[in-house]
Amino acid sequence: METEKSPGCDCTPQPPKTPAPVTLLGQMPAAEAVADDEPCCGPPAGPQSGPDERPGYAIQGFVENFLTTPAGKVPRVKTRLGPTDILGTVLTRVGIGRNDYKIAPGIYAVGKPDQAAPVLVTANYKLTFDHVRRELGGQNVWLLVLDTRGINVWCAAGKGTFATGELVKRIIETGLEKVVSHRRVIVPQLGATGVASKKVRKLSGFKVVWGPIRAADIIDFLENDLKADRKMRTVTFTIVERLVLVPVEISLVLKPALWVLLALFILSGIGPGIFSLSGAWERGLWAASALLLGILSGAGLAPLLLPWIPGTTFASKGILTGLVLVLPAAIAAGLTEGMAGFLALMFMAAALSSYMAMNFTGTSPFTSPSGVEKEMRRYIPIQAGMAVCGLVLWIGSAF
Amino acid sequence: MNEKGILMKEFRHLTDVTTLTFDSEKCVGCRLCTVVCPHGVFEMNGKQARLLDRNGCMECGACALNCPSAAITVTPGVGCAAYIIQSWIKGKENAACGPGGGCC
């Protein structure tokens, strides 16, 4: 077979090799096997398949190698993000593939952990996992990843997937008791919404130690004898934390916004001559600007400037930013469409911006469901009223 | 942080809305509520916990779930507009966070 010239291979055929002596088990002596695998030509072949590669499984890019533990082989993960991880983060942050960005639950290793090394519990949302391992450079710890269906710790705790039962099940199924000699798991504090620490101990024998909220504080927490100060225990909502949320907020409204856009162009065509296509286009552009600015205001400007906008409710803050952002466009529209046109744009943008800002309560880490419901009961009628006024004035401005 | 040690003071929503209740007579002083609350709503007062900042509560439910003596009650829930609208229309059991997992 080696005498045959393979297609596309322009080197001289190799002389036939003497067949390797076959052992009882059909295995070739290692030296012979290696010699046999020498490529005949072209660039040198890549490395051989490793012992950790198994049919039907792919080794994730974030896995450095595998550690052998009494509970089986455990992947050792890198603490630096690679280009694929960074691309995944960017896509997730703009809302692409965000609902299916997860890794397999189970035990992972960071560094060279031994039986005494701490166990950190986290979620199987890859964004969360990446965030945690990136903060663990130079550490020797075990990571116990729960199956939260690809959702972050806090939201999963609220939904009941980062929960007592899942933690206990994962401790038992992974054989954690064979991997470590101590009986302690460090659970991120925000998981407390779903994890009852005393129950975990009763059911699994492992004591829950509440870790810090932010991954960035883990090393300090570990070095400080597993003690967290008040700052580590309190959530923040900094401008950067709000900024990274804006693209997803906008991506979520893009689809419904296209339908509203279509409706606005049709409405803009209504006029003295029943319907005018040129009117639909020219006036439709003004209406579209109100829509666009309303979205930018409610999903972007209001969340970004949140603590500095006067008022208590998100909906009222949204009205303010909506009016400010649409003002120049409304004035310009008023020059051709009159007072009614000016007011119409102001009302439409304010209504939309208010509604979008109100939706941001679900993303913010400090509003209570009771508070949000109260805000909604107060502001949804106002938003609906402004939207109706805006549309009526807009149609009226054509006459 | 202000003089009372309350962080996040710049972020305040409506006041007097939370369903949080605390019964100091049942408190066994385990401190867990002061540990798990992400808004520092509780603090220790001698051998017992006490409500420091009730209006800071966002009803996440961590304190009540971890309280060993049921001294704390709160109705936890999803504070997301899409979910609340659905709960008005379809009832609390059938509500979900939007089709694409809108909020979180």
# chains A, B, ... in the order shown; residues from 1 in each chain; ligands from 1

call {"tool": "closest_atom_pairs", "arguments": {"of": "chain B", "to": "chain A", "cutoff": "8 Å", "atoms": "only C-alpha atoms", "output": "JSON lines"}}
result
{"residue": "B:Leu7", "atom": "CA", "partner": "A:Thr234", "partner_atom": "CA", "distance": 7.0}
{"residue": "B:Met8", "atom": "CA", "partner": "A:Thr236", "partner_atom": "CA", "distance": 6.6}
{"residue": "B:Glu10", "atom": "CA", "partner": "A:Pro307", "partner_atom": "CA", "distance": 6.0}
{"residue": "B:Phe11", "atom": "CA", "partner": "A:Pro307", "partner_atom": "CA", "distance": 6.1}
{"residue": "B:Arg12", "atom": "CA", "partner": "A:Thr312", "partner_atom": "CA", "distance": 6.9}
{"residue": "B:His13", "atom": "CA", "partner": "A:Thr312", "partner_atom": "CA", "distance": 5.6}
{"residue": "B:Leu14", "atom": "CA", "partner": "A:Gly371", "partner_atom": "CA", "distance": 5.7}
{"residue": "B:Thr15", "atom": "CA", "partner": "A:Gly371", "partner_atom": "CA", "distance": 7.7}
{"residue": "B:Val17", "atom": "CA", "partner": "A:Gly371", "partner_atom": "CA", "distance": 5.6}
{"residue": "B:Thr18", "atom": "CA", "partner": "A:Ser370", "partner_atom": "CA", "distance": 6.0}
{"residue": "B:Thr19", "atom": "CA", "partner": "A:Ser370", "partner_atom": "CA", "distance": 7.4}
{"residue": "B:Val35", "atom": "CA", "partner": "A:Arg233", "partner_atom": "CA", "distance": 7.1}
{"residue": "B:Val36", "atom": "CA", "partner": "A:Gln189", "partner_atom": "CA", "distance": 5.7}
{"residue": "B:Cys37", "atom": "CA", "partner": "A:Arg233", "partner_atom": "CA", "distance": 7.5}
{"residue": "B:Pro38", "atom": "CA", "partner": "A:Thr234", "partner_atom": "CA", "distance": 4.6}
{"residue": "B:His39", "atom": "CA", "partner": "A:Thr234", "partner_atom": "CA", "distance": 5.4}
{"residue": "B:Gly40", "atom": "CA", "partner": "A:Thr234", "partner_atom": "CA", "distance": 6.6}
{"residue": "B:Gly56", "atom": "CA", "partner": "A:Phe366", "partner_atom": "CA", "distance": 7.4}
{"residue": "B:Cys57", "atom": "CA", "partner": "A:Ser368", "partner_atom": "CA", "distance": 6.8}
{"residue": "B:Met58", "atom": "CA", "partner": "A:Ser368", "partner_atom": "CA", "distance": 3.8}
{"residue": "B:Glu59", "atom": "CA", "partner": "A:Ser368", "partner_atom": "CA", "distance": 5.3}
{"residue": "B:Cys60", "atom": "CA", "partner": "A:Thr193", "partner_atom": "CA", "distance": 6.0}
{"residue": "B:Gly61", "atom": "CA", "partner": "A:Thr193", "partner_atom": "CA", "distance": 5.4}
{"residue": "B:Ala62", "atom": "CA", "partner": "A:Thr193", "partner_atom": "CA", "distance": 3.9}
{"residue": "B:Cys63", "atom": "CA", "partner": "A:Thr193", "partner_atom": "CA", "distance": 7.7}
{"residue": "B:Leu65", "atom": "CA", "partner": "A:Ala196", "partner_atom": "CA", "distance": 5.8}
{"residue": "B:Asn66", "atom": "CA", "partner": "A:Ala196", "partner_atom": "CA", "distance": 5.0}
{"residue": "B:Pro68", "atom": "CA", "partner": "A:Lys198", "partner_atom": "CA", "distance": 7.7}
{"residue": "B:Pro76", "atom": "CA", "partner": "A:Pro369", "partner_atom": "CA", "distance": 7.7}
{"residue": "B:Gly77", "atom": "CA", "partner": "A:Pro369", "partner_atom": "CA", "distance": 5.9}
{"residue": "B:Val78", "atom": "CA", "partner": "A:Pro369", "partner_atom": "CA", "distance": 5.8}
{"residue": "B:Gly79", "atom": "CA", "partner": "A:Pro369", "partner_atom": "CA", "distance": 3.9}
{"residue": "B:Cys80", "atom": "CA", "partner": "A:Gly362", "partner_atom": "CA", "distance": 3.7}
{"residue": "B:Ala81", "atom": "CA", "partner": "A:Asn359", "partner_atom": "CA", "distance": 5.2}
{"residue": "B:Ala82", "atom": "CA", "partner": "A:Asn359", "partner_atom": "CA", "distance": 7.1}
{"residue": "B:Ile84", "atom": "CA", "partner": "A:Glu373", "partner_atom": "CA", "distance": 6.8}
{"residue": "B:Gly100", "atom": "CA", "partner": "A:Asn99", "partner_atom": "CA", "distance": 7.6}
{"residue": "B:Gly101", "atom": "CA", "partner": "A:Asn99", "partner_atom": "CA", "distance": 7.4}
{"residue": "B:Gly102", "atom": "CA", "partner": "A:Leu252", "partner_atom": "CA", "distance": 7.0}
{"residue": "B:Cys103", "atom": "CA", "partner": "A:Gly362", "partner_atom": "CA", "distance": 5.7}
{"residue": "B:Cys104", "atom": "CA", "partner": "A:Cys155", "partner_atom": "CA", "distance": 5.6}

call {"tool": "residues_around", "arguments": {"residues": "A:Tyr125", "least_positions_apart": "4", "cutoff": "8 Å", "atoms": "only C-alpha atoms", "output": "MDAnalysis selection string"}}
result
chainID A and resid 101:103 129 148:152

call {"tool": "residues_around", "arguments": {"residues": "A:Leu301", "least_positions_apart": "3", "cutoff": "9 Å", "atoms": "only C-alpha atoms", "output": "VMD selection string"}}
result
chain A and resid 246 296 to 298 304 to 306 318 321 to 322 325

call {"tool": "select_by_dssp", "arguments": {"residues": "chain B", "states": "strand (DSSP E)", "output": "MDAnalysis selection string"}}
result
chainID B and resid 21:22 42:45 48:51 72:73

call {"tool": "select_by_dssp", "arguments": {"residues": "stretch 188-322 of chain A", "states": "alpha helix (DSSP H)", "output": "MDAnalysis selection string"}}
result
chainID A and resid 197:204 218:223 239:243 246:269 277:296 302:304 314:322

call {"tool": "residues_around", "arguments": {"residues": "A:Ala288", "least_positions_apart": "3", "cutoff": "8 Å", "atoms": "only C-alpha atoms", "output": "list in words"}}
result
Leu261, Leu264, Phe265, Gly284, Leu285, Leu291 and Leu292 of chain A

call {"tool": "atom_distance", "arguments": {"atom1": "atom CA of A:Gly82", "atom2": "atom CA of A:Ala58"}}
result
16.8 Å

call {"tool": "residues_around", "arguments": {"residues": "A:Ala344", "least_positions_apart": "3", "cutoff": "6 Å", "atoms": "only C-alpha atoms", "output": "list in words"}}
result
Ala340, Gly341, Phe347, Gly390, Leu393 and Trp394 of chain A

call {"tool": "write_last_selection", "arguments": {"atoms": "N, CA, C and O atoms", "output": "CSV table (one decimal), in the first residue's frame"}}
result
chain,number,residue,atom,x,y,z
A,340,ALA,N,-48.8,70.4,15.3
A,340,ALA,CA,-49.3,69.0,15.5
A,340,ALA,C,-48.2,68.0,15.3
A,340,ALA,O,-48.0,67.1,16.0
A,341,GLY,N,-47.4,68.2,14.2
A,341,GLY,CA,-46.3,67.3,13.9
A,341,GLY,C,-45.2,67.3,15.0
A,341,GLY,O,-44.7,66.3,15.4
A,347,PHE,N,-44.6,63.2,21.7
A,347,PHE,CA,-45.4,62.2,22.4
A,347,PHE,C,-45.0,60.8,22.0
A,347,PHE,O,-44.8,59.9,22.9
A,390,GLY,N,-49.9,60.9,20.3
A,390,GLY,CA,-48.9,61.1,19.3
A,390,GLY,C,-49.4,60.6,17.9
A,390,GLY,O,-49.2,61.3,16.9
A,393,LEU,N,-52.3,62.9,16.6
A,393,LEU,CA,-51.7,64.2,16.2
A,393,LEU,C,-50.9,64.1,14.9
A,393,LEU,O,-50.9,65.0,14.0
A,394,TRP,N,-50.2,62.9,14.8
A,394,TRP,CA,-49.4,62.7,13.6
A,394,TRP,C,-50.3,62.6,12.3
A,394,TRP,O,-50.0,63.2,11.3

call {"tool": "residues_around", "arguments": {"residues": "B:Arg31", "least_positions_apart": "5", "cutoff": "8 Å", "atoms": "only C-alpha atoms", "output": "PyMOL selection string"}}
result
chain B and resi 44+48-49

call {"tool": "decode", "arguments": {"residues": "stretch 297-318 of chain A", "atoms": "N, CA, C and O atoms", "output": "short mmCIF file (atom, residue, chain, number, x, y, z; two decimals), in the first residue's frame"}}
result
data_model
loop_
_atom_site.label_atom_id
_atom_site.label_comp_id
_atom_site.auth_asym_id
_atom_site.auth_seq_id
_atom_site.Cartn_x
_atom_site.Cartn_y
_atom_site.Cartn_z
N SER A 297 -33.20 56.29 23.35
CA SER A 297 -33.35 56.94 24.64
C SER A 297 -33.72 55.94 25.73
O SER A 297 -33.09 55.88 26.78
N GLY A 298 -34.74 55.12 25.46
CA GLY A 298 -35.24 54.22 26.50
C GLY A 298 -34.32 53.05 26.79
O GLY A 298 -34.23 52.58 27.92
N ALA A 299 -33.62 52.56 25.74
CA ALA A 299 -32.77 51.39 25.93
C ALA A 299 -31.30 51.77 26.08
O ALA A 299 -30.48 50.93 26.44
N GLY A 300 -30.98 53.02 25.81
CA GLY A 300 -29.58 53.43 25.87
C GLY A 300 -29.33 54.58 26.84
O GLY A 300 -28.68 54.42 27.87
N LEU A 301 -29.90 55.75 26.50
CA LEU A 301 -29.62 56.96 27.28
C LEU A 301 -30.13 56.85 28.73
O LEU A 301 -29.38 57.13 29.67
N ALA A 302 -31.37 56.40 28.88
CA ALA A 302 -31.93 56.32 30.24
C ALA A 302 -31.15 55.32 31.12
O ALA A 302 -30.78 55.66 32.24
N PRO A 303 -30.87 54.10 30.63
CA PRO A 303 -30.05 53.19 31.46
C PRO A 303 -28.67 53.75 31.79
O PRO A 303 -28.21 53.63 32.92
N LEU A 304 -28.04 54.39 30.82
CA LEU A 304 -26.69 54.92 31.05
C LEU A 304 -26.68 56.02 32.09
O LEU A 304 -25.83 56.06 32.97
N LEU A 305 -27.64 56.94 31.98
CA LEU A 305 -27.65 58.10 32.87
C LEU A 305 -28.53 57.87 34.10
O LEU A 305 -28.81 58.80 34.86
N LEU A 306 -28.95 56.63 34.29
CA LEU A 306 -29.95 56.27 35.31
C LEU A 306 -29.87 57.03 36.64
O LEU A 306 -30.85 57.66 37.04
N PRO A 307 -28.71 57.00 37.34
CA PRO A 307 -28.73 57.63 38.67
C PRO A 307 -28.79 59.15 38.62
O PRO A 307 -29.08 59.77 39.63
N TRP A 308 -28.54 59.73 37.47
CA TRP A 308 -28.46 61.19 37.41
C TRP A 308 -29.71 61.85 36.84
O TRP A 308 -29.85 63.06 36.87
N ILE A 309 -30.63 61.03 36.31
CA ILE A 309 -31.86 61.61 35.78
C ILE A 309 -32.82 61.82 36.94
O ILE A 309 -33.00 60.91 37.75
N PRO A 310 -33.42 63.01 37.06
CA PRO A 310 -34.33 63.22 38.17
C PRO A 310 -35.53 62.27 38.12
O PRO A 310 -35.93 61.84 37.04
N GLY A 311 -36.07 61.97 39.28
CA GLY A 311 -37.23 61.08 39.36
C GLY A 311 -36.89 59.78 40.05
O GLY A 311 -35.73 59.48 40.29
N THR A 312 -37.92 58.99 40.37
CA THR A 312 -37.73 57.73 41.07
C THR A 312 -37.97 56.55 40.14
O THR A 312 -37.32 55.53 40.24
N THR A 313 -38.96 56.70 39.27
CA THR A 313 -39.33 55.56 38.44
C THR A 313 -38.55 55.58 37.13
O THR A 313 -38.16 56.64 36.62
N PHE A 314 -38.34 54.38 36.60
CA PHE A 314 -37.65 54.25 35.32
C PHE A 314 -38.50 54.87 34.21
O PHE A 314 -37.99 55.49 33.29
N ALA A 315 -39.82 54.68 34.31
CA ALA A 315 -40.73 55.18 33.27
C ALA A 315 -40.66 56.69 33.16
O ALA A 315 -40.63 57.24 32.06
N SER A 316 -40.61 57.38 34.32
CA SER A 316 -40.56 58.85 34.26
C SER A 316 -39.20 59.32 33.75
O SER A 316 -39.11 60.29 33.00
N LYS A 317 -38.15 58.62 34.13
CA LYS A 317 -36.82 58.96 33.61
C LYS A 317 -36.80 58.81 32.09
O LYS A 317 -36.19 59.59 31.37
N GLY A 318 -37.47 57.76 31.61
CA GLY A 318 -37.54 57.50 30.17
C GLY A 318 -38.28 58.60 29.43
O GLY A 318 -37.91 58.97 28.31
#
